[in-house]
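Participant: Mind looking over this structure? Questions follow.
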Amino acid sequence: MNRPRLMRSLRARLLAFLLAAIVLAGGIQAAVTYRTVLREADAIFDYHMQQMALSLRSGLPPSAAVSGLGPSEQNFDFVVQVWTQDGQRIFESADEALLPQLAVLGFAEVNARGTTYRVLSMQTRGLVIQVAQDMAARRQMAGSLALRTVAPVALMAPLLMLVVWWVVSGSLAPVSRVRSQVASRQPDDLSPVGEEGLPEEVRPLVAELNLLFERVRRAFDAQKHFVADAAHELRSPLAALKLQVQLLRRASDPAAHEQAVQRLAAGIDRATRLVEQLLTLARNEAHAAAGGEAVPVDLAALAREAIADALPVAESRRIDLGLARADAVSVAGHVDALRILLRNLVDNAVKYTPEGGRVDVTVQQNEDGGAALMVEDSGPGLAESDRERVWDRFYRAPDAGASGSGLGLAIVRSVAQLHGAELALDRSATLGGLRVRVQFRG
């Protein structure tokens with residue numbers, strides 16, 4: 001069941017709870033005051049009853065003694081009776097008998113005429129003097145004092161509520177400002193929300209909102225890059241495919257027809273590979289923007305898979321492809337992304353290594369707890385001037401000996417950035433070609 005709309009408001013809830021707290025505090029104060037005053041009234045009136053009984057014990061005529069009571073005592077409904085030892089009542093201050101004929105000496109409580117009386121019985125000179133008071137008078141006085149104690153709180157409650165309303169509204173003003181700031185921005189405005197002046201309880205919420213904006217912005221940027229890259233790079237392959245189809249239509253003899261078919265198939269393979277790489281790059285960037293959960297990944301196992309996938313191509317070109325070192329080490333990461341990283345590194349190494357060459361893959365654990373992944377080949381290597389630019393999308397070195405789209409190392413860089421790994425390109429000391437090193441932190 002949905003909660004009332006009023007109670008969904010933080011301001012209304014705070015005001016309701018504070019009002020309830022004020023009412024509860026006033027009630028507790030009234031109850032404590034009532035019980036305290038009632039105990040004190042019992043002690044005071046018991047003392048008055050004792051003094052009255054002692055004054056009657058002096059032998060004064062009962063009528064004179066009773067008539068000598070001051071108006072303050074008479075206002076509290078004292079009742080006086082005097083008995084002889086044989087049980088004969090010789091004096092009563094009320095019109096009707098209210099007290100029992102026999103009473104226990106000292107204080108006692110007696111039920112009579114639908115109420116409760118506090119009775120003091122005292123024996124002196126052959127007489128029994130009884131002084132009684134209706135307990136309702138004591139309760140009335142205690143209630144009156146408790147009410148006078150709570151009255152200022154009741155009168156101040158509206159002023160307190162106005163003060164609370166002002167304090168709560170002022171405290172929630174930064175929250176309203178954040179709401180207005182978010183509501184007034186354009187749909188494509190993903191800039192961070194200002195955290196200045198926010199209370200500590202609201203600041204973590206705004207910080208998480210800014211992190212969400214940042215992830216959405218990265219996802220949008222990745223989508224824009226993908227669309228721009230796809231539009232730019234697919235234009236040439238599609239134009240080439242269209243040209244190959246036209247040549248295939250114009251082929252008049254079987255040899256020309258077969259050559260056109262082969263070129264068309266090769267063009268389709270290149271376009272397919274380009275689309276796959278673009279999709280892979282977009283998927284990695286979207287994964288990085290989403291910030292998926294990392295799990296332990298066995299690098300050596302992934303290296304063996306990548307080598308097994310590239311082995312048929314390597315054998316067809318008589319390239320010695322193998323795992324030079326495989327330490328039992330795992331890193332926190334994403335299995336699919338790291339598999340793509342290894343596959344691209346191994347494929348590039350096999351592609352740019354001449355026939356009869358060699359490609360080594362190394363997985364080793366560092367002393368600091370991190371891991372290093374290296375792929376070395378015996379190819380021509382890479383000029384130092386090109387080692388930074390090859391990480392860019394669609395860049396290919398001028399002296400590259402194999403065809404490609406220039407996306408392989410860009411994909412490797414996006415995966416490395418996703419895992420916080422460092423990339424380095426240098427010359428292989430053992431094979432003489434290029435060495436790619438991926439350093440994972442411990």
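Chain identifiers are assigned as A, B, and so on, following the order in which chains appear in the structure tokens; residues are numbered from 1 within each chain, and ligands are numbered from 1 in order of appearance.
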I need the residues in range 128-186 of chain A that are alpha helix (DSSP H) according to DSSP; give them as a ChimeraX atom specification.
Facilitator: /A:135-184
Participant: Considering only C-alpha atoms, state which residue in the set A:Val131, A:Leu212, A:Ala306, A:Ala31 is at the smallest distance from Thr149 in chain A.
Facilitator: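 Counting only C-alpha atoms, the residue closest to Thr149 in chain A is A:Ala31.
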Participant: Would you please extract all strand (DSSP E) residues from range 100-348 of chain A, as assigned by DSSP on the backbone, and give them as a VMD selection string?
Facilitator: chain A and resid 106 to 112 115 to 124 127 to 134 295 to 298 320 to 326 330 to 333
Participant: Counting only C-alpha atoms, what is within 12 Å of Leu15 in chain A, bar same-chain residues fewer than 3 positions away, as a VMD selection string?
Facilitator: chain A and resid 6 to 7 9 to 12 18 to 22 157 to 158 160 to 169
Participant: Taking C-alpha atoms for each residue, export the selection above as a compact mmCIF listing (two decimals), in the first residue's frame.
Facilitator:
# COMPACT_ATOMS: atom_id res chain seq x y z
CA LEU A 6 2.21 14.05 3.00
CA MET A 7 4.40 11.46 4.74
CA SER A 9 7.72 14.68 2.24
CA LEU A 10 10.84 14.90 4.39
CA ARG A 11 9.80 18.33 5.66
CA ALA A 12 6.31 17.11 6.67
CA LEU A 18 8.94 17.05 16.16
CA LEU A 19 5.33 17.96 17.01
CA ALA A 20 4.79 14.45 18.37
CA ALA A 21 7.99 14.81 20.41
CA ILE A 22 6.79 18.11 21.87
CA ALA A 157 3.96 24.99 20.82
CA PRO A 158 2.83 27.13 17.82
CA LEU A 160 8.11 26.23 18.45
CA MET A 161 6.52 24.80 15.31
CA LEU A 162 7.22 28.03 13.42
CA VAL A 163 10.84 27.92 14.56
CA VAL A 164 11.10 24.24 13.59
CA TRP A 165 9.54 24.98 10.18
CA TRP A 166 12.06 27.76 9.60
CA VAL A 167 15.03 25.60 10.68
CA VAL A 168 13.92 22.59 8.63
CA SER A 169 13.23 24.71 5.55
Participant: Using only C-alpha atoms, which protein or nucleic acid residues come within 12 Å of Leu209 in chain A? Drop anything in the same chain fewer than 5 positions from it, and give the result as number ranges by chain.
Facilitator: A: 178-179, 182, 190-195, 202-204, 214-216
Participant: Could the residues in this selection be saved with N, CA and C atoms as a short mmCIF file (atom, residue, chain, number, x, y, z; two decimals), in the first residue's frame?
Facilitator:
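And here is the file that came out, again_1.cif:
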data_model
loop_
_atom_site.label_atom_id
_atom_site.label_comp_id
_atom_site.auth_asym_id
_atom_site.auth_seq_id
_atom_site.Cartn_x
_atom_site.Cartn_y
_atom_site.Cartn_z
N VAL A 178 19.72 21.76 -5.29
CA VAL A 178 20.21 20.68 -6.15
C VAL A 178 19.10 20.18 -7.07
N ARG A 179 17.90 20.04 -6.52
CA ARG A 179 16.77 19.59 -7.35
C ARG A 179 16.50 20.56 -8.49
N VAL A 182 19.25 20.32 -11.16
CA VAL A 182 19.14 19.14 -12.03
C VAL A 182 17.93 19.28 -12.95
N LEU A 190 25.59 16.88 -18.77
CA LEU A 190 25.98 15.89 -17.77
C LEU A 190 27.11 16.41 -16.89
N SER A 191 27.19 17.71 -16.75
CA SER A 191 28.22 18.29 -15.89
C SER A 191 27.92 17.98 -14.43
N PRO A 192 28.93 17.95 -13.57
CA PRO A 192 28.71 17.61 -12.16
C PRO A 192 27.83 18.63 -11.45
N VAL A 193 27.08 18.14 -10.49
CA VAL A 193 26.25 19.00 -9.66
C VAL A 193 27.11 19.57 -8.54
N GLY A 194 26.97 20.85 -8.27
CA GLY A 194 27.78 21.49 -7.24
C GLY A 194 27.48 20.93 -5.85
N GLU A 195 28.53 20.69 -5.08
CA GLU A 195 28.39 20.15 -3.73
C GLU A 195 28.62 21.20 -2.65
N VAL A 202 23.67 14.75 2.78
CA VAL A 202 23.23 14.81 1.39
C VAL A 202 24.41 14.75 0.43
N ARG A 203 25.58 15.14 0.88
CA ARG A 203 26.73 15.20 -0.01
C ARG A 203 27.07 13.84 -0.64
N PRO A 204 27.04 12.70 0.10
CA PRO A 204 27.31 11.42 -0.57
C PRO A 204 26.33 11.10 -1.69
N GLU A 214 28.98 10.98 -14.77
CA GLU A 214 30.26 10.73 -15.44
C GLU A 214 30.22 9.43 -16.22
N ARG A 215 29.62 8.38 -15.65
CA ARG A 215 29.52 7.10 -16.38
C ARG A 215 28.64 7.25 -17.62
N VAL A 216 27.53 7.98 -17.48
CA VAL A 216 26.65 8.19 -18.64
C VAL A 216 27.37 9.02 -19.70
#
